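Participant: Pasting in a structure now, in C-alpha cells, and then I'll have a few things to ask.
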There are 2 protein chains.
Amino acid sequence: MDRPTIKDIAKLANVSIGTVSNVINGKGRFSEETRKKIEKIIKQSNYMPNVAARSLRDKINPLIAMVVPYAPRGKVLDNPFFSQLVSGVESGARDRKFHVIFTGEKDEPDLSYLLEKNINGLIVFGANENTEFLDDIQKLQLPTVYMDSYLSDPDLYQVGLNDEMGVYLGTKYLISLGHRSIVVISYGWLGDAEHTGSVNHCRLLGYRKALEEAGIPFNQDLVIEGAFSVEDGYHAAQQVLQLRDQATACFAFSDIAAMGLIKGFYDLNISVPDDFSVMGFDDLYFSEYLTPGLTTVRQDIYGRGQAAVKLLIDQIENKNDLEDKQIICPVSLKVRQSTAAVRKP
Amino acid sequence: MDRPTIKDIAKLANVSIGTVSNVINGKGRFSEETRKKIEKIIKQSNYMPNVAARSLRDKINPLIAMVVPYAPRGKVLDNPFFSQLVSGVESGARDRKFHVIFTGEKDEPDLSYLLEKNINGLIVFGANENTEFLDDIQKLQLPTVYMDSYLSDPDLYQVGLNDEMGVYLGTKYLISLGHRSIVVISYGWLGDAEHTGSVNHCRLLGYRKALEEAGIPFNQDLVIEGAFSVEDGYHAAQQVLQLRDQATACFAFSDIAAMGLIKGFYDLNISVPDDFSVMGFDDLYFSEYLTPGLTTVRQDIYGRGQAAVKLLIDQIENKNDLEDKQIICPVSLKVRQSTAAVRKP
DNA sequence: CGAAGAAGATGAAACGTTTAATCAGGTCTA
DNA sequence: TAGACCTGATTAAACGTTTCATCTTCTTCG
C-alpha cells in the first residue's frame with residue numbers, strides 16, 4: 001500500500017483537504033473538534049506531508065547545502081576539521097528538521113543545480129573577496145552564511161573565528177617558554193594578494209603581534225607553507241630541520257599539519273618536545289591522543305558548525321533580517337605535552 | 001527574475017511543453033531540427049528541470065540516505081572511519097548526479113521521514129539480524145544496500161569486508177614476530193548473542209584461526225572490549241597493562257582505538273613497539289602518521305563507500321535485479337613501526 | 001425581525017513536470 | 001483511391017500540497 005495523502009486523511013475525517021491542510025499548518029479556521037479528529041487520524045495512518053508537493057507549491061524545502069569551494073573532490077570529509085564541522089552542521093540542521101547535502105568541489109564550479117533541487121540555504125566555507133565563486137553564489141539569491149570567510153560586507157551573515165587572538169595566544173605561550181625563534185607553518189604567504197583578508201592573514205597578524213610585544217623581530221624565512229594536510233606537515237619537517245640552528249619551536253596553523261610534522265620529526269629522530277616544541281591549531285578530537293599530546297589553540301569546531309546552521313535557518317525562517325549577522329567565535333589555549341621550555345644552551 | 005520553467009522554453013521554441021519534455025528525456029517523437037532548437041534555447045536560458053515537480057510526478061529523486069543505526073548523534077562523522085566512508089559515498093553519488101543525506105542516529109529511530117523526502121535509496125551501515133531497525137527499514141520498501149551487515153538473506157544487496165581474513169593476516173604476522181600471547185581489543189564479546197554474525201564475530205574467528213594454526217590455545221581473558229573510539233582505546237591501555245606478564249602484543253580492531261591505546265601506553269611510559277607491539281585495523285588516512293607509524297590491516301574505506309553507492313544506484317536505475325548482489329572487499333597487511341619482534345627473555 | 005458579522009468549512013487554482021492518448025498530415029501499398 | 005502506417009507534435013490529466021475566495025450557518029444587536 002502506498003503512503004496516505006492528504007486526500008485520504010480528508011476522506012477519513014469527512015472534511016475537505018483544505019481543512020486538513022489548515023489543521024496541519026495551524027492556519028485558517030477550524031473547530032477544536034475537527035482538529036482533534038484530524039490529528040488522531042493523521043497519527044493513526046502515519047501520514048506525512050509530501051515534501052515534493054509542498055516544495056513545488058511553496059518553494060520551501062528543508063534542505064540546505066554546504067559548499068567548500070576549494071576542496072578537491074573526496075578530500076573534504078577526509079579532513080578531520082571538516083568532518084567535525086560537518087558533524088556540527090548536520091546536528092544543528094537536524095534540530096530544526098533540516099537536512100544537508102555537501103557540494104561545491106573544485107571540479108564542479110556550477111552551482112546552479114542547487115536551485116534545481118530547491119535548496120533553501122547555503123553555508124559557504126572559506127571564501128574570500130577574491131573567490132571567483134562569490135558572484136555565482138550571490139547570484140543564486142539564496143539565504144547564505146559564510147564561514148571563515150572574512151568578507152567585508154556587513155550585510156552578509158558570517159561565522160568566523162578569532163584567528164588573530166588564537167595565534168597570538170599560542171605564540172605568546174611559546175615565547176613565555178623561552179622560545180624566540182618560532183617557525184610558522186601557514187596556509188599561504190602573508191604578502192600573497194590572494195590571501196589578504198583571509199584566515200591565514202589574520203593568523204599571521206596574531207603571530208607578528210606577539211613577537212612585537214616581546215621585542216622579537218619578524219623573520220619571514222621562518223614562515224613555511226603547508227598547513228593543509230598531514231602530508232604537508234610531514235614534508236615540512238625537513239624544511240624545519242634546516243632552520244634548526246635558529247629555531248626551537250614550530251607553530252602549525254592546523255592540528256593535522258602538526259600531526260604530520262611530529263611524525264616527520266619522529267622519523268628524523270628529533271624529539272618533541274625535547275628538541276623542538278610543536279604547537280597546533282584547532283584541537284581536533286584526537287589531538288589529545290597524539291604522542292605526545294598536542295598543545296594547541298582550541299576552537300569549538302562542532303559548535304561553530306551548529307552556530308552557522310542556526311544562523312542560516314533563522315534567516316530562512318524569519319525571512320526578515322536578524323540583528324546579529326556576524327558571529328566571531330572564541331579561542332583558547334590548550335596546553336599538553338608537545339611544548340616545553342626551551343633548553344638552556 | 002525567476003528561473004525559467006519548461007513552459008518558458010516551450011514558448012521560446014514555439015512548441016508545446018510536451019515536446020520540450022520529450023527532448024529533455026529523449027523519449028517520444030521529435031525531429032532533429034526541433035531537438036537542436038530546443039537544446040539551444042535550454043542552454044541559453046540556463047533552464048534546469050525542477051526536481052520537486054519531477055519528484056512529485058514520478059517519485060524519482062536523485063537523493064539517497066545513509067543511515068548508521070547505532071551511532072549516537074554527532075558522533076558519526078566525528079569518527080574518521082565514517083568520514084572516509086561518507087566521503088567515498090559522496091563521491092560515488094556525485095558521479096551519478098545523486099546527493100546524499102545522513103541520518104538514522106540513535107535518538108531518531110523513526111525513519112518514515114525519509115519517505116516524506118522522497119528518498120530513492122538507502123545505505124544502511126552495520127545492521128545485523130538482531131537490529132531492531134531492520135524491519136522498519138525493510139518496510140520502507142526502498143532500494144537498499146547494507147554495509148558491514150552480515151545479513152544472511154542472499155537477496156539483499158550487501159557490501160562487506162573480508163574481516164576474518166584481515167584479522168587472520170594480522171594475527172599471523174604478530175605470531176611470526178614471535179608473539180604468542182596477543183591481546184585483542186574487540187567491538188564486543190564473541191559469545192554475545194547480539195553480536196553473532198557480525199563484523200566483530202568474524203574478526204574474532206580470524207584471530208582464533210591464526211592461533212589454532214600456530215598451536216596456540218585461545219585465552220578469552222585476552223579479549224577486551226572497546227574498539228569504538230579513541231577514548232576506549234586509551235582506557236584499554238590500563239587493562240592491557242595488567243596482562244603484561246603474559247602478553248607482548250595487542251591487536252585493536254580499529255585504528256582509532258589503536259591510536260588511543262598507543263597514547264595510553266605513552267602516558268604509562270610503555271614503549272611501542274619495544275615493550276608492546278600494537279596492530280590496528282582499517283588503515284585510516286592518518287594511521288601512517290601516528291608515532292610510531294601504525295601497523296594495520298588495510299581496507300579501502302573510501303572505495304568501499306563508492307562501491308556501495310554504485311551498487312545502490314545501479315539498483316535504483318535498472319530496477320531489475322543485478323547479478324552480483326554481494327560484494328566482499330579485500331584486505332591487506334600494512335606493516336609499519338608499531339610492531340616488532342618479541343624481545344627474547 | 002432583519003442585517004451584519006463571525007465561525008467553520010469548502011472548492012478550485014496553481015506550482016512544474018511526465019506521459020498516455022490523440023491528432024494532423026504525409027507516404028506507401030493493395 | 002482508400003485504408004494502413006509512420007512521423008512529428010499537441011493536449012490534458014495527474015502527482016500532493018497550500019491558499020484565497022467563497023459559501024453556509026449561526027449569533028448578535030439595533
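We label chains A, B, ... in the order they appear in the C-alpha cells, count residues from 1 in each chain, and number ligands from 1 in the order shown.
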Which chain B residues are at most 6 Å from chain A (counting only C-alpha atoms), as a list in words?

Facilitator: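 So the residues of chain B near chain A are Asn50, Val51, Ala52, Ala53, Leu56, Gly74, Leu77, Asp78, Ser83, Gln84, Ser87, Ser91, Ile101, Glu116, Lys117, Gly260, Lys263, Tyr289 and Thr291 of chain B.
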
Participant: Would you mind listing, for every residue of chain C within 9 Å of chain A, the two atoms forming the shortest contact and the distance between them in Å to one decimal, using only C-alpha atoms (C1' of nucleotides), sorted by chain and ascending residue number, as CSV?

Facilitator:
residue,atom,partner,partner_atom,distance
C:DA7,C1',A:Arg29,CA,7.6
C:DG8,C1',A:Phe30,CA,5.5
C:DA9,C1',A:Thr19,CA,6.9
C:DT10,C1',A:Ser16,CA,6.5
C:DG11,C1',A:Gly18,CA,8.8
C:DA14,C1',A:Arg57,CA,7.5
C:DC15,C1',A:Arg57,CA,4.3
C:DG16,C1',A:Leu56,CA,7.3

Participant: Selected residues, C-alpha atoms (C1' of nucleotides), written as a compact mmCIF listing (two decimals), in the first residue's frame, please.

Facilitator:
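Once everything was written out, this is again_30.txt:
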# COMPACT_ATOMS: atom_id res chain seq x y z
C1' DA C 7 -17.11 30.95 12.70
C1' DG C 8 -16.34 26.91 10.27
C1' DA C 9 -15.66 24.69 6.27
C1' DT C 10 -15.39 24.09 1.07
C1' DG C 11 -13.71 24.48 -3.85
C1' DA C 14 -1.64 26.87 -9.06
C1' DC C 15 3.14 25.01 -8.58
C1' DG C 16 6.29 22.31 -12.96

Participant: Using backbone DSSP assignments, extract all alpha helix (DSSP H) residues from segment 21-219 of chain B; output them as JSON, numbers by chain.

Facilitator: {"B": [21, 22, 23, 24, 25, 32, 33, 34, 35, 36, 37, 38, 39, 40, 41, 42, 43, 44, 45, 51, 52, 53, 54, 55, 56, 57, 58, 80, 81, 82, 83, 84, 85, 86, 87, 88, 89, 90, 91, 92, 93, 94, 95, 113, 114, 115, 116, 133, 134, 135, 136, 137, 138, 139, 163, 164, 165, 166, 167, 168, 169, 170, 171, 172, 173, 174, 175, 176, 199, 200, 201, 202, 203, 204, 205, 206, 207, 208, 209, 210, 211, 212, 213]}

Participant: What lies within 12 Å of DA30 of chain C using only C-alpha atoms (C1' of nucleotides), ignoring chain neighbours under 6 positions off, as a ChimeraX atom specification?

Facilitator: /D:1-4

Participant: Put those residues in a file: C-alpha atoms (C1' of nucleotides), as a short mmCIF file (atom, residue, chain, number, x, y, z; two decimals), in the first residue's frame.

Facilitator:
data_model
loop_
_atom_site.label_atom_id
_atom_site.label_comp_id
_atom_site.auth_asym_id
_atom_site.auth_seq_id
_atom_site.Cartn_x
_atom_site.Cartn_y
_atom_site.Cartn_z
"C1'" DT D 1 -8.07 5.58 -54.14
"C1'" DA D 2 -8.91 4.10 -49.62
"C1'" DG D 3 -7.10 2.18 -45.87
"C1'" DA D 4 -2.81 1.41 -43.16
#

Participant: What does the structure give for the distance between atom CA of Gln44 of chain A and atom CA of Glu317 of chain A, in Å to one decimal?

Facilitator: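 Atom CA of Glu317 of chain A lies 29.4 Å from atom CA of Gln44 of chain A.
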
Participant: From the list D:DC29, D:DT18, D:DA12, D:DT24, which residue is nearest chain B when using only C-alpha atoms (C1' of nucleotides)?

Facilitator: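 Checking each of D:DC29, D:DT18, D:DA12, D:DT24 against chain B, counting only C-alpha atoms (C1' of nucleotides), the winner is D:DA12.
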
Participant: Can you list every residue of chain D that has an atom at most 9 Å from chain B, with its nearest atom pair and the distance in Å to one decimal, using only C-alpha atoms (C1' of nucleotides), ordered by chain then number, as a tab-separated table?

Facilitator:
residue	atom	partner	partner_atom	distance
D:DT7	C1'	B:Arg29	CA	7.7
D:DG8	C1'	B:Phe30	CA	5.4
D:DA9	C1'	B:Thr19	CA	6.9
D:DT10	C1'	B:Ser16	CA	6.5
D:DT11	C1'	B:Gly18	CA	8.7
D:DA14	C1'	B:Arg57	CA	7.5
D:DC15	C1'	B:Arg57	CA	4.3
D:DG16	C1'	B:Leu56	CA	7.3

Participant: Those residues you just picked out, can you put them in a file as a short mmCIF file (atom, residue, chain, number, x, y, z; two decimals), in the first residue's frame with N, CA and C atoms (P, O5', C5', C4', C3', O3' and C1' of nucleotides)?

Facilitator:
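Saved as result_6.cif:
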data_model
loop_
_atom_site.label_atom_id
_atom_site.label_comp_id
_atom_site.auth_asym_id
_atom_site.auth_seq_id
_atom_site.Cartn_x
_atom_site.Cartn_y
_atom_site.Cartn_z
P DT D 7 8.68 6.26 -38.55
"O5'" DT D 7 8.49 7.84 -38.62
"C5'" DT D 7 8.29 8.49 -39.88
"C4'" DT D 7 7.95 9.93 -39.59
"C3'" DT D 7 8.61 10.50 -38.33
"O3'" DT D 7 9.21 11.73 -38.69
"C1'" DT D 7 6.27 10.88 -38.27
P DG D 8 10.23 12.46 -37.79
"O5'" DG D 8 9.31 13.59 -37.15
"C5'" DG D 8 8.75 14.59 -37.99
"C4'" DG D 8 7.71 15.33 -37.21
"C3'" DG D 8 8.21 15.90 -35.89
"O3'" DG D 8 8.05 17.31 -35.95
"C1'" DG D 8 6.11 14.82 -35.62
P DA D 9 8.57 18.23 -34.72
"O5'" DA D 9 7.22 18.41 -33.90
"C5'" DA D 9 6.10 19.00 -34.56
"C4'" DA D 9 4.86 18.78 -33.74
"C3'" DA D 9 4.92 19.33 -32.32
"O3'" DA D 9 4.09 20.47 -32.24
"C1'" DA D 9 3.78 17.25 -32.45
P DT D 10 3.92 21.22 -30.81
"O5'" DT D 10 2.46 20.72 -30.41
"C5'" DT D 10 1.39 20.85 -31.34
"C4'" DT D 10 0.12 20.32 -30.72
"C3'" DT D 10 -0.25 20.94 -29.36
"O3'" DT D 10 -1.62 21.28 -29.39
"C1'" DT D 10 -0.17 18.58 -29.17
P DT D 11 -2.16 22.24 -28.25
"O5'" DT D 11 -3.02 21.22 -27.38
"C5'" DT D 11 -3.66 20.14 -28.03
"C4'" DT D 11 -4.37 19.29 -26.99
"C3'" DT D 11 -4.71 19.99 -25.68
"O3'" DT D 11 -6.01 19.60 -25.31
"C1'" DT D 11 -3.37 18.07 -25.25
P DA D 14 -7.08 12.31 -14.05
"O5'" DA D 14 -5.75 12.06 -13.21
"C5'" DA D 14 -4.71 11.25 -13.72
"C4'" DA D 14 -3.41 11.62 -13.05
"C3'" DA D 14 -3.57 12.03 -11.58
"O3'" DA D 14 -2.87 11.10 -10.76
"C1'" DA D 14 -2.16 13.53 -12.76
P DC D 15 -3.24 11.03 -9.22
"O5'" DC D 15 -1.83 11.29 -8.53
"C5'" DC D 15 -0.61 10.84 -9.08
"C4'" DC D 15 0.49 11.76 -8.61
"C3'" DC D 15 0.19 12.44 -7.27
"O3'" DC D 15 0.74 11.66 -6.23
"C1'" DC D 15 1.18 13.94 -8.88
P DG D 16 -0.16 11.37 -4.93
"O5'" DG D 16 0.03 12.70 -4.07
"C5'" DG D 16 1.32 12.98 -3.58
"C4'" DG D 16 1.31 14.33 -2.92
"C3'" DG D 16 0.25 14.49 -1.84
"O3'" DG D 16 0.88 15.07 -0.72
"C1'" DG D 16 0.07 16.24 -3.40
#

Participant: As an exercise, work out the distance from atom CA of Leu294 of chain A to atom CA of Tyr168 of chain A in Å and give it to one decimal place.

Facilitator: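 So the two atoms, atom CA of Leu294 of chain A and atom CA of Tyr168 of chain A, lie 17.4 Å apart.
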
Participant: Which polymer residues have any atom within 7 Å of an atom of segment 252-254 of chain B, counting only C-alpha atoms (C1' of nucleotides), with same-chain residues fewer than 4 positions away left out, as a list in words?

Facilitator: Val184, Ile185, Ser186, Ala227, Ala258, Met279, Gly280, Phe281 and Asp282 of chain B

Participant: Create the file for the chosen residues now, containing C-alpha atoms and written as an mmCIF file, in the first residue's frame.

Facilitator:
data_model
loop_
_atom_site.group_PDB
_atom_site.id
_atom_site.type_symbol
_atom_site.label_atom_id
_atom_site.label_comp_id
_atom_site.auth_asym_id
_atom_site.auth_seq_id
_atom_site.Cartn_x
_atom_site.Cartn_y
_atom_site.Cartn_z
ATOM 1 C CA VAL B 184 42.534 -8.268 21.364
ATOM 2 C CA ILE B 185 40.577 -5.064 21.662
ATOM 3 C CA SER B 186 37.287 -6.021 20.114
ATOM 4 C CA ALA B 227 37.309 -0.608 19.808
ATOM 5 C CA ALA B 258 44.886 1.672 18.448
ATOM 6 C CA MET B 279 48.352 -3.686 15.453
ATOM 7 C CA GLY B 280 45.349 -1.792 14.185
ATOM 8 C CA PHE B 281 42.566 -2.347 11.700
ATOM 9 C CA ASP B 282 41.350 0.000 8.953
#

Participant: Report as a list of chain:residue names: the residues of segment 131-160 of chain A with a DSSP assignment of strand (DSSP E or B), based on the backbone of this structure.

Facilitator: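 Across segment 131-160 of chain A, those assigned strand (DSSP E or B) are A:Thr144, A:Val145, A:Tyr146, A:Met147, A:Tyr157, A:Gln158, A:Val159, A:Gly160.
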
Participant: Generate a file of the selected residues that holds N, CA and C atoms, formatted as an mmCIF file, in the first residue's frame.

Facilitator:
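Generated output (part_16.cif):
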data_model
loop_
_atom_site.group_PDB
_atom_site.id
_atom_site.type_symbol
_atom_site.label_atom_id
_atom_site.label_comp_id
_atom_site.auth_asym_id
_atom_site.auth_seq_id
_atom_site.Cartn_x
_atom_site.Cartn_y
_atom_site.Cartn_z
ATOM 1 N N THR A 144 22.281 32.761 2.829
ATOM 2 C CA THR A 144 23.632 32.201 2.885
ATOM 3 C C THR A 144 24.342 32.606 4.171
ATOM 4 N N VAL A 145 25.118 31.687 4.680
ATOM 5 C CA VAL A 145 26.017 32.008 5.791
ATOM 6 C C VAL A 145 27.430 31.663 5.348
ATOM 7 N N TYR A 146 28.333 32.590 5.518
ATOM 8 C CA TYR A 146 29.727 32.352 5.167
ATOM 9 C C TYR A 146 30.513 31.982 6.413
ATOM 10 N N MET A 147 31.315 30.957 6.295
ATOM 11 C CA MET A 147 32.166 30.588 7.420
ATOM 12 C C MET A 147 33.618 30.883 7.075
ATOM 13 N N TYR A 157 25.790 37.391 6.296
ATOM 14 C CA TYR A 157 25.816 36.585 7.516
ATOM 15 C C TYR A 157 27.126 35.813 7.549
ATOM 16 N N GLN A 158 27.819 35.926 8.658
ATOM 17 C CA GLN A 158 29.117 35.259 8.727
ATOM 18 C C GLN A 158 29.360 34.627 10.101
ATOM 19 N N VAL A 159 30.035 33.513 10.074
ATOM 20 C CA VAL A 159 30.502 32.895 11.307
ATOM 21 C C VAL A 159 32.002 32.736 11.186
ATOM 22 N N GLY A 160 32.710 33.421 12.025
ATOM 23 C CA GLY A 160 34.162 33.375 11.949
ATOM 24 C C GLY A 160 34.788 32.925 13.250
#
